[in-house]
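The structure file entry_8.cif is reproduced below (mmCIF, C-alpha atoms and all ligand atoms).
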```cif
data_protein
loop_
_atom_site.group_PDB
_atom_site.id
_atom_site.type_symbol
_atom_site.label_atom_id
_atom_site.label_comp_id
_atom_site.auth_asym_id
_atom_site.auth_seq_id
_atom_site.Cartn_x
_atom_site.Cartn_y
_atom_site.Cartn_z
ATOM 1 C CA LEU M 1 -0.080 -18.863 -11.275
ATOM 2 C CA VAL M 2 2.950 -20.554 -9.711
ATOM 3 C CA PRO M 3 4.247 -20.795 -6.158
ATOM 4 C CA GLU M 4 7.624 -19.166 -5.772
ATOM 5 C CA ALA M 5 9.944 -18.914 -2.796
ATOM 6 C CA PHE M 6 11.441 -15.456 -2.505
ATOM 7 C CA ALA M 7 14.154 -15.178 0.156
ATOM 8 C CA GLY M 8 12.333 -17.836 2.184
ATOM 9 C CA LEU M 9 8.880 -16.250 1.824
ATOM 10 C CA ASN M 10 5.986 -18.281 0.411
ATOM 11 C CA CYS M 11 4.900 -16.290 -2.592
ATOM 12 C CA TRP M 12 2.678 -16.546 -5.642
ATOM 13 C CA ARG M 13 3.725 -15.410 -9.077
ATOM 14 C CA LEU M 14 0.786 -14.320 -11.244
ATOM 15 C CA ALA M 15 1.689 -13.752 -14.886
ATOM 16 C CA LEU M 16 -0.084 -12.764 -18.094
ATOM 17 C CA PRO M 17 1.009 -14.203 -21.458
ATOM 18 C CA GLY M 18 2.058 -10.691 -22.559
ATOM 19 C CA GLY M 19 4.731 -10.516 -19.831
ATOM 20 C CA ASP M 20 3.099 -8.422 -17.113
ATOM 21 C CA ARG M 21 3.424 -10.169 -13.777
ATOM 22 C CA LEU M 22 3.329 -9.748 -10.030
ATOM 23 C CA LEU M 23 4.735 -11.456 -6.973
ATOM 24 C CA VAL M 24 2.794 -11.520 -3.716
ATOM 25 C CA SER M 25 3.879 -12.904 -0.370
ATOM 26 C CA GLU M 26 1.519 -14.701 1.993
ATOM 27 C CA GLN M 27 3.456 -13.029 4.817
ATOM 28 C CA GLY M 28 1.575 -9.754 5.289
ATOM 29 C CA GLY M 29 -0.560 -10.311 2.160
ATOM 30 C CA HIS M 30 2.235 -8.228 0.714
ATOM 31 C CA LEU M 31 2.637 -7.394 -2.964
ATOM 32 C CA LEU M 32 6.405 -7.420 -3.586
ATOM 33 C CA SER M 33 6.704 -6.816 -7.300
ATOM 34 C CA TRP M 34 4.645 -5.615 -10.245
ATOM 35 C CA ILE M 35 6.309 -5.782 -13.624
ATOM 36 C CA ALA M 36 4.399 -3.958 -16.356
ATOM 37 C CA GLY M 37 5.620 -2.782 -19.727
ATOM 38 C CA GLY M 38 8.849 -4.735 -19.101
ATOM 39 C CA ARG M 39 9.784 -2.709 -16.019
ATOM 40 C CA GLU M 40 9.533 -3.116 -12.241
ATOM 41 C CA ARG M 41 7.095 -0.500 -10.967
ATOM 42 C CA LEU M 42 7.428 -1.064 -7.208
ATOM 43 C CA PHE M 43 10.312 -0.321 -4.881
ATOM 44 C CA LEU M 44 11.515 -3.097 -2.562
ATOM 45 C CA SER M 45 14.421 -2.310 -0.270
ATOM 46 C CA PRO M 46 17.318 -4.783 -0.661
ATOM 47 C CA ARG M 47 17.819 -4.459 3.106
ATOM 48 C CA SER M 48 14.253 -5.293 4.014
ATOM 49 C CA ALA M 49 13.759 -7.966 6.650
ATOM 50 C CA LEU M 50 12.055 -10.891 4.907
ATOM 51 C CA ASP M 51 11.887 -13.305 7.841
ATOM 52 C CA GLY M 52 8.777 -11.896 9.519
ATOM 53 C CA SER M 53 10.856 -10.144 12.209
ATOM 54 C CA ALA M 54 9.815 -6.729 10.856
ATOM 55 C CA PRO M 55 7.360 -5.548 8.201
ATOM 56 C CA ILE M 56 8.627 -5.730 4.622
ATOM 57 C CA ARG M 57 10.048 -2.399 3.439
ATOM 58 C CA GLY M 58 8.628 -1.707 0.008
ATOM 59 C CA GLY M 59 6.028 -3.221 -2.286
ATOM 60 C CA VAL M 60 2.532 -2.657 -0.921
ATOM 61 C CA PRO M 61 2.202 -3.139 2.843
ATOM 62 C CA VAL M 62 -1.404 -3.554 3.978
ATOM 63 C CA CYS M 63 -1.775 -1.219 6.957
ATOM 64 C CA TRP M 64 -4.850 -2.332 8.905
ATOM 65 C CA PRO M 65 -6.765 -1.871 11.222
ATOM 66 C CA GLN M 66 -4.791 1.211 12.251
ATOM 67 C CA PHE M 67 -3.011 3.907 10.281
ATOM 68 C CA ASN M 68 0.413 4.853 11.709
ATOM 69 C CA GLN M 69 0.308 5.373 15.492
ATOM 70 C CA ARG M 70 -3.261 6.627 15.715
ATOM 71 C CA GLY M 71 -4.255 4.037 18.322
ATOM 72 C CA ASP M 72 -2.860 1.394 20.670
ATOM 73 C CA LEU M 73 -1.973 -1.219 18.059
ATOM 74 C CA PRO M 74 1.494 -1.722 16.569
ATOM 75 C CA LYS M 75 2.367 1.031 14.066
ATOM 76 C CA HIS M 76 0.244 0.643 10.919
ATOM 77 C CA GLY M 77 -1.708 -2.224 12.520
ATOM 78 C CA PHE M 78 -1.052 -5.945 12.556
ATOM 79 C CA ALA M 79 -2.121 -7.127 9.079
ATOM 80 C CA ARG M 80 1.355 -6.578 7.617
ATOM 81 C CA HIS M 81 2.916 -8.697 10.387
ATOM 82 C CA LEU M 82 0.765 -11.805 9.954
ATOM 83 C CA PRO M 83 0.581 -14.718 7.508
ATOM 84 C CA TRP M 84 -2.381 -14.562 5.097
ATOM 85 C CA LEU M 85 -4.001 -17.418 3.156
ATOM 86 C CA THR M 86 -4.477 -17.573 -0.583
ATOM 87 C CA THR M 87 -8.214 -18.157 -1.025
ATOM 88 C CA ALA M 88 -9.101 -17.708 -4.706
ATOM 89 C CA TYR M 89 -7.718 -17.134 -8.150
ATOM 90 C CA ASP M 90 -9.029 -16.655 -11.665
ATOM 91 C CA LEU M 91 -6.800 -16.928 -14.699
ATOM 92 C CA GLY M 92 -7.525 -15.536 -18.144
ATOM 93 C CA SER M 93 -5.279 -14.489 -20.983
ATOM 94 C CA ASP M 94 -5.958 -10.781 -20.564
ATOM 95 C CA VAL M 95 -6.923 -10.579 -16.926
ATOM 96 C CA ALA M 96 -5.922 -12.638 -13.934
ATOM 97 C CA SER M 97 -6.744 -12.220 -10.286
ATOM 98 C CA LEU M 98 -5.680 -13.566 -6.948
ATOM 99 C CA GLU M 99 -7.270 -13.184 -3.529
ATOM 100 C CA LEU M 100 -5.583 -13.449 -0.135
ATOM 101 C CA THR M 101 -7.394 -13.478 3.186
ATOM 102 C CA LEU M 102 -6.620 -12.700 6.797
ATOM 103 C CA CYS M 103 -9.185 -13.719 9.415
ATOM 104 C CA SER M 104 -9.342 -12.881 13.091
ATOM 105 C CA SER M 105 -7.470 -15.437 15.180
ATOM 106 C CA GLU M 106 -6.013 -15.933 18.645
ATOM 107 C CA ARG M 107 -3.132 -13.681 17.576
ATOM 108 C CA THR M 108 -5.334 -10.802 16.456
ATOM 109 C CA ARG M 109 -7.726 -11.181 19.419
ATOM 110 C CA ALA M 110 -4.747 -10.796 21.766
ATOM 111 C CA LEU M 111 -4.264 -7.320 20.277
ATOM 112 C CA TRP M 112 -7.756 -6.333 19.177
ATOM 113 C CA PRO M 113 -11.050 -7.820 20.408
ATOM 114 C CA HIS M 114 -12.846 -8.018 17.042
ATOM 115 C CA GLU M 115 -13.897 -10.681 14.564
ATOM 116 C CA PHE M 116 -13.194 -9.885 10.937
ATOM 117 C CA GLU M 117 -12.322 -11.148 7.503
ATOM 118 C CA LEU M 118 -9.900 -9.040 5.482
ATOM 119 C CA THR M 119 -9.268 -9.768 1.803
ATOM 120 C CA LEU M 120 -6.798 -8.392 -0.690
ATOM 121 C CA THR M 121 -7.683 -8.981 -4.332
ATOM 122 C CA LEU M 122 -5.100 -8.332 -7.031
ATOM 123 C CA HIS M 123 -6.512 -7.779 -10.501
ATOM 124 C CA LEU M 124 -3.828 -7.904 -13.166
ATOM 125 C CA GLN M 125 -4.349 -6.692 -16.732
ATOM 126 C CA PRO M 126 -1.828 -5.577 -19.345
ATOM 127 C CA GLY M 127 -0.415 -2.273 -18.079
ATOM 128 C CA ARG M 128 -2.815 -2.146 -15.174
ATOM 129 C CA LEU M 129 -3.150 -3.451 -11.633
ATOM 130 C CA ARG M 130 -5.989 -2.974 -9.188
ATOM 131 C CA LEU M 131 -5.568 -3.812 -5.494
ATOM 132 C CA THR M 132 -8.836 -4.102 -3.584
ATOM 133 C CA LEU M 133 -8.933 -4.343 0.170
ATOM 134 C CA GLY M 134 -12.158 -5.751 1.592
ATOM 135 C CA ALA M 135 -13.160 -5.875 5.258
ATOM 136 C CA ARG M 136 -16.101 -7.759 6.740
ATOM 137 C CA ASN M 137 -17.250 -7.554 10.333
ATOM 138 C CA THR M 138 -17.885 -11.207 11.236
ATOM 139 C CA GLY M 139 -18.472 -10.457 14.908
ATOM 140 C CA ALA M 140 -21.425 -9.271 16.962
ATOM 141 C CA GLN M 141 -19.999 -5.855 17.922
ATOM 142 C CA PRO M 142 -19.313 -2.809 15.727
ATOM 143 C CA LEU M 143 -15.776 -2.689 14.391
ATOM 144 C CA ALA M 144 -13.864 0.515 13.567
ATOM 145 C CA PHE M 145 -10.674 0.739 11.526
ATOM 146 C CA THR M 146 -8.289 3.070 9.737
ATOM 147 C CA GLY M 147 -5.526 1.917 7.378
ATOM 148 C CA ALA M 148 -3.849 2.178 3.999
ATOM 149 C CA LEU M 149 -2.526 0.445 0.952
ATOM 150 C CA HIS M 150 0.962 1.836 1.579
ATOM 151 C CA SER M 151 2.297 1.508 -1.993
ATOM 152 C CA TYR M 152 6.004 2.136 -2.623
ATOM 153 C CA PHE M 153 6.597 3.168 -6.251
ATOM 154 C CA ALA M 154 10.001 2.707 -7.857
ATOM 155 C CA CYS M 155 11.697 5.927 -8.988
ATOM 156 C CA ASP M 156 14.932 6.388 -10.906
ATOM 157 C CA ASP M 157 15.435 9.605 -8.950
ATOM 158 C CA VAL M 158 12.658 10.945 -6.737
ATOM 159 C CA THR M 159 14.185 14.449 -6.787
ATOM 160 C CA GLN M 160 13.321 14.555 -10.503
ATOM 161 C CA ALA M 161 9.865 13.010 -10.090
ATOM 162 C CA LYS M 162 6.591 14.930 -10.191
ATOM 163 C CA LEU M 163 3.200 14.025 -8.783
ATOM 164 C CA SER M 164 0.076 15.778 -10.056
ATOM 165 C CA GLY M 165 -3.618 15.356 -9.269
ATOM 166 C CA LEU M 166 -3.714 16.552 -5.659
ATOM 167 C CA GLN M 167 -4.139 20.245 -6.451
ATOM 168 C CA GLY M 168 -6.645 22.036 -4.246
ATOM 169 C CA ARG M 169 -7.167 19.162 -1.852
ATOM 170 C CA PRO M 170 -6.921 19.883 1.896
ATOM 171 C CA GLU M 171 -3.327 19.058 2.824
ATOM 172 C CA TRP M 172 -2.005 18.237 6.299
ATOM 173 C CA ASP M 173 1.768 18.226 6.655
ATOM 174 C CA SER M 174 2.596 15.778 9.436
ATOM 175 C CA LEU M 175 6.150 17.170 9.733
ATOM 176 C CA THR M 176 5.072 20.735 10.546
ATOM 177 C CA ASP M 177 1.433 20.119 11.577
ATOM 178 C CA GLY M 178 0.629 22.731 8.926
ATOM 179 C CA HIS M 179 -2.558 22.909 6.857
ATOM 180 C CA ALA M 180 -2.625 24.070 3.244
ATOM 181 C CA GLN M 181 -4.032 23.141 -0.151
ATOM 182 C CA GLY M 182 -2.365 20.663 -2.443
ATOM 183 C CA ALA M 183 -0.126 22.267 -5.062
ATOM 184 C CA GLU M 184 -0.580 21.549 -8.763
ATOM 185 C CA LEU M 185 2.688 19.660 -8.926
ATOM 186 C CA LEU M 186 4.421 18.000 -5.977
ATOM 187 C CA ARG M 187 8.203 17.626 -6.027
ATOM 188 C CA PHE M 188 10.416 15.747 -3.610
ATOM 189 C CA ASP M 189 13.705 17.393 -2.704
ATOM 190 C CA ALA M 190 13.213 17.208 1.081
ATOM 191 C CA GLU M 191 11.498 14.927 3.584
ATOM 192 C CA PHE M 192 7.802 14.705 2.673
ATOM 193 C CA ASP M 193 4.956 13.237 4.753
ATOM 194 C CA ARG M 194 1.536 14.685 3.933
ATOM 195 C CA VAL M 195 -2.090 13.630 3.976
ATOM 196 C CA TYR M 196 -4.531 14.873 1.319
ATOM 197 C CA SER M 197 -8.247 14.638 2.074
ATOM 198 C CA GLY M 198 -11.331 14.969 -0.051
ATOM 199 C CA ALA M 199 -12.520 13.423 -3.272
ATOM 200 C CA ALA M 200 -9.664 11.906 -5.217
ATOM 201 C CA ILE M 201 -9.090 12.458 -8.907
ATOM 202 C CA PRO M 202 -6.557 10.277 -10.712
ATOM 203 C CA MET M 203 -2.974 11.247 -9.975
ATOM 204 C CA ARG M 204 -0.036 10.990 -12.317
ATOM 205 C CA LEU M 205 3.438 10.117 -11.121
ATOM 206 C CA GLN M 206 6.060 11.084 -13.688
ATOM 207 C CA ASP M 207 9.561 9.719 -13.093
ATOM 208 C CA GLY M 208 11.742 10.669 -16.043
ATOM 209 C CA ALA M 209 10.180 9.060 -19.103
ATOM 210 C CA HIS M 210 8.007 6.732 -17.009
ATOM 211 C CA GLY M 211 4.477 7.751 -16.125
ATOM 212 C CA LEU M 212 1.922 6.030 -13.922
ATOM 213 C CA HIS M 213 -1.717 6.921 -13.282
ATOM 214 C CA ILE M 214 -2.677 6.221 -9.677
ATOM 215 C CA SER M 215 -6.337 6.298 -8.695
ATOM 216 C CA GLN M 216 -8.360 5.162 -5.716
ATOM 217 C CA SER M 217 -11.966 4.457 -4.799
ATOM 218 C CA LEU M 218 -14.021 7.142 -3.063
ATOM 219 C CA SER M 219 -14.384 4.798 -0.100
ATOM 220 C CA TRP M 220 -10.894 5.872 1.036
ATOM 221 C CA SER M 221 -11.038 9.347 2.612
ATOM 222 C CA ASP M 222 -7.374 10.256 2.082
ATOM 223 C CA THR M 223 -4.225 9.966 0.011
ATOM 224 C CA VAL M 224 -0.846 9.898 1.781
ATOM 225 C CA VAL M 225 2.399 10.887 0.073
ATOM 226 C CA TRP M 226 5.664 9.984 1.803
ATOM 227 C CA ASN M 227 9.381 10.137 1.144
ATOM 228 C CA PRO M 228 11.850 9.948 4.054
ATOM 229 C CA HIS M 229 14.739 11.777 2.281
ATOM 230 C CA VAL M 230 18.341 11.458 3.580
ATOM 231 C CA ALA M 231 18.131 11.834 7.356
ATOM 232 C CA LYS M 232 14.967 9.813 8.032
ATOM 233 C CA CYS M 233 16.191 7.147 5.615
ATOM 234 C CA ALA M 234 19.482 6.869 7.524
ATOM 235 C CA ALA M 235 17.462 6.111 10.658
ATOM 236 C CA LEU M 236 15.681 3.195 8.963
ATOM 237 C CA ALA M 237 17.743 0.028 9.419
ATOM 238 C CA ASP M 238 16.035 -1.663 6.479
ATOM 239 C CA MET M 239 16.912 1.024 3.919
ATOM 240 C CA GLU M 240 20.148 1.556 1.995
ATOM 241 C CA PRO M 241 21.553 5.074 2.512
ATOM 242 C CA ASP M 242 20.317 6.267 -0.888
ATOM 243 C CA GLY M 243 17.146 4.113 -0.899
ATOM 244 C CA TRP M 244 14.986 7.211 -0.387
ATOM 245 C CA ARG M 245 15.962 8.396 -3.861
ATOM 246 C CA ARG M 246 14.493 5.326 -5.522
ATOM 247 C CA MET M 247 11.021 5.375 -3.940
ATOM 248 C CA LEU M 248 7.889 7.384 -3.409
ATOM 249 C CA CYS M 249 4.894 6.209 -1.397
ATOM 250 C CA VAL M 250 1.480 7.229 -2.700
ATOM 251 C CA GLU M 251 -1.098 5.563 -0.486
ATOM 252 C CA ALA M 252 -4.845 5.067 -0.632
ATOM 253 C CA ALA M 253 -5.625 5.672 3.017
ATOM 254 C CA GLN M 254 -8.115 6.191 5.796
ATOM 255 C CA VAL M 255 -6.276 8.397 8.273
ATOM 256 C CA PHE M 256 -8.369 10.774 10.364
ATOM 257 C CA GLU M 257 -11.769 9.147 10.627
ATOM 258 C CA ALA M 258 -12.330 5.466 11.244
ATOM 259 C CA VAL M 259 -14.679 3.411 9.086
ATOM 260 C CA THR M 260 -17.216 1.685 11.341
ATOM 261 C CA LEU M 261 -18.802 -1.595 10.286
ATOM 262 C CA ALA M 262 -21.921 -2.940 11.951
ATOM 263 C CA PRO M 263 -22.043 -6.729 12.479
ATOM 264 C CA GLY M 264 -22.157 -8.432 9.073
ATOM 265 C CA GLN M 265 -21.314 -5.223 7.202
ATOM 266 C CA THR M 266 -18.568 -5.015 4.571
ATOM 267 C CA TRP M 267 -16.326 -2.280 3.180
ATOM 268 C CA GLN M 268 -14.138 -2.183 0.070
ATOM 269 C CA GLY M 269 -11.423 0.200 -1.037
ATOM 270 C CA TRP M 270 -9.182 -0.028 -4.073
ATOM 271 C CA GLN M 271 -6.088 1.573 -5.524
ATOM 272 C CA GLN M 272 -5.491 1.261 -9.256
ATOM 273 C CA LEU M 273 -2.201 1.668 -11.072
ATOM 274 C CA GLU M 274 -2.015 2.107 -14.812
ATOM 275 C CA LEU M 275 0.853 2.866 -17.148
ATOM 276 C CA ALA M 276 0.526 6.377 -18.570
HETATM 277 O O1 LIG S 1 2.392 6.671 5.504
HETATM 278 C C1 LIG S 1 3.485 7.452 5.854
HETATM 279 C C2 LIG S 1 4.036 6.927 7.145
HETATM 280 O O2 LIG S 1 3.014 6.884 8.112
HETATM 281 C C3 LIG S 1 5.221 7.813 7.566
HETATM 282 O O3 LIG S 1 4.918 8.663 8.623
HETATM 283 C C4 LIG S 1 6.339 6.826 7.818
HETATM 284 O O4 LIG S 1 6.514 6.539 9.133
HETATM 285 C C5 LIG S 1 5.911 5.652 6.977
HETATM 286 O O5 LIG S 1 4.530 5.607 6.997
HETATM 287 C C6 LIG S 1 6.561 4.306 7.164
HETATM 288 O O6 LIG S 1 6.216 3.657 8.326
HETATM 289 P P1 LIG S 1 6.932 2.300 8.736
HETATM 290 O O7 LIG S 1 6.300 1.859 10.007
HETATM 291 O O8 LIG S 1 6.688 1.325 7.627
HETATM 292 O O9 LIG S 1 8.405 2.616 8.880
#
```
Starting from the file, give its structure as structure tokens.
Amino acid sequence: LVPEAFAGLNCWRLALPGGDRLLVSEQGGHLLSWIAGGRERLFLSPRSALDGSAPIRGGVPVCWPQFNQRGDLPKHGFARHLPWLTTAYDLGSDVASLELTLCSSERTRALWPHEFELTLTLHLQPGRLRLTLGARNTGAQPLAFTGALHSYFACDDVTQAKLSGLQGRPEWDSLTDGHAQGAELLRFDAEFDRVYSGAAIPMRLQDGAHGLHISQSLSWSDTVVWNPHVAKCAALADMEPDGWRRMLCVEAAQVFEAVTLAPGQTWQGWQQLELA
């Protein structure tokens, strides 16, 4: 575990002797890079703002305590805008972990009148990474949240990529407001922004020769799949014109129904990535 400055961000590099490694920024509690099997598995836009002026585009933004614009908070909540603290680590030769924490503060209370402790634990093993988000209500009032681990996966060419594992799940297309059932194989040759509800089975993202199993805990109610394609990408100042081609978001998410925590209560949700 070594501190590393990445474009001015305070980061931690966590590495296993076999070569797998990750880079996480204290700004946003944001995973920026996961190298497994000798290859970068996450997309990070070269045009992303890295000075805290805007959320980081790529990696794994922590969206909390609000998903998208389903409430009065900034889009996707405030956790990705704030500095987190590194609170624990555990280093072994075959497994290493790192925990970052965001607690309620003057800044969060100005936006949201709740007391909380949010943790992100990164569990690194050869060929595998588990991200666990934990929330604790440290206040005296009930606390309700939605959110997501908004993971951006690197693709050589998203138009050739395939995502399986969402077949039969209730699908809501946010672009058309249409409802359907998840197809056996999802392909990405147009803008795509859909929410899949119901019990998750492991998904498989196949990008050329590179496969990744993506699974999530049952404590998340939804899975979100997003690619902006050409036009939406052009409207994003922090994306290169063809950036959409090199990414696909597959998110462990809580979209429609908030999780409510009584005082003292905790919640945990994970997303696990494993080379296929
Ligand atoms: O999770 C998908 C989504 O909610 C899309 O609708 C899209 O807006 C995306 O997140 C990115 O949001 P951002 O605020 O990071 O530009």
Just want the residues within 9 Å of ligand LIG 1 (chain S), written as a PyMOL selection string, counting all atoms listed in the file. chain M and resi 55-58+61+63+67-69+74-76+148+150+174-175+192-195+224-228+236+249-251+253
Ranking M:Gly38, M:Pro241, M:Gly59, M:Gly18 by minimum distance to Leu149 in chain M and counting only C-alpha atoms, which one comes first? M:Gly59
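Those residues returned by the PyMOL selection byres (((chain M and resi 168) around 10) and not hetatm) for this file are Gly165, Leu166, Gln167, Arg169, Pro170, Glu171, Ala180, Gln181, Gly182, Ala183, Glu184, Tyr196, Ser197 and Gly198 of chain M.
This file, queried with the PyMOL selection byres (((chain M and resi 201) around 9) and not hetatm), gives the residues Gly165, Leu166, Ala199, Ala200, Pro202, Met203, Ile214, Ser215 and Gln216 of chain M.
Relative to CA of Ala234 in chain M, CA of Trp172 in chain M is found at 24.3 Å.
When the distance limit is 8 Å and only C-alpha atoms are what count, the residues near range 116-119 of chain M, minus those fewer than 6 positions from it on the same chain, are Glu99, Leu100, Thr101, Leu102, Cys103, Ser104, Thr132, Leu133, Gly134, Ala135, Arg136, Asn137, Thr138 and Gly139 of chain M.
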Would you export the selected residues with C-alpha atoms as a short mmCIF file (atom, residue, chain, number, x, y, z; two decimals), in the coordinates of the input, please?
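Result file follows (selection.cif):
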```cif
data_model
loop_
_atom_site.label_atom_id
_atom_site.label_comp_id
_atom_site.auth_asym_id
_atom_site.auth_seq_id
_atom_site.Cartn_x
_atom_site.Cartn_y
_atom_site.Cartn_z
CA GLU M 99 -7.27 -13.18 -3.53
CA LEU M 100 -5.58 -13.45 -0.14
CA THR M 101 -7.39 -13.48 3.19
CA LEU M 102 -6.62 -12.70 6.80
CA CYS M 103 -9.18 -13.72 9.41
CA SER M 104 -9.34 -12.88 13.09
CA THR M 132 -8.84 -4.10 -3.58
CA LEU M 133 -8.93 -4.34 0.17
CA GLY M 134 -12.16 -5.75 1.59
CA ALA M 135 -13.16 -5.88 5.26
CA ARG M 136 -16.10 -7.76 6.74
CA ASN M 137 -17.25 -7.55 10.33
CA THR M 138 -17.89 -11.21 11.24
CA GLY M 139 -18.47 -10.46 14.91
#
```
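For the residues M:Gln265, M:Thr86, M:Gln125, M:Ser48, ranking by smallest atom-to-atom distance to Leu22 in chain M using all atoms listed in the file places M:Gln125 first.
Distance check against Asn10 in chain M using only C-alpha atoms: of M:Gly178, M:Pro83, M:Ser45, M:Val62, the minimum falls on M:Pro83.
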From the options M:Leu50, M:Leu143, M:Leu131, M:Ala161, which residue's atoms come nearest to Leu212 in chain M, counting all atoms listed in the file? M:Ala161
Applying the PyMOL selection byres (((chain M and resi 2) around 6) and not hetatm) to the file I just gave you, which residues come out? Please list them as a PyMOL selection string. chain M and resi 1+3+12-13
Those same residues, written as a PDB file, keeping the file's coordinate frame with C-alpha atoms?
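The resulting file, again01.pdb, is shown below:
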```
ATOM      1  CA  LEU M   1      -0.080 -18.863 -11.275  1.00  0.00           C
ATOM      2  CA  PRO M   3       4.247 -20.795  -6.158  1.00  0.00           C
ATOM      3  CA  TRP M  12       2.678 -16.546  -5.642  1.00  0.00           C
ATOM      4  CA  ARG M  13       3.725 -15.410  -9.077  1.00  0.00           C
TER       5      ARG M  13
END
```
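Distance check against Leu120 in chain M using only C-alpha atoms: of M:Leu9, M:Ala190, M:Ala237, M:Val24, the minimum falls on M:Val24.
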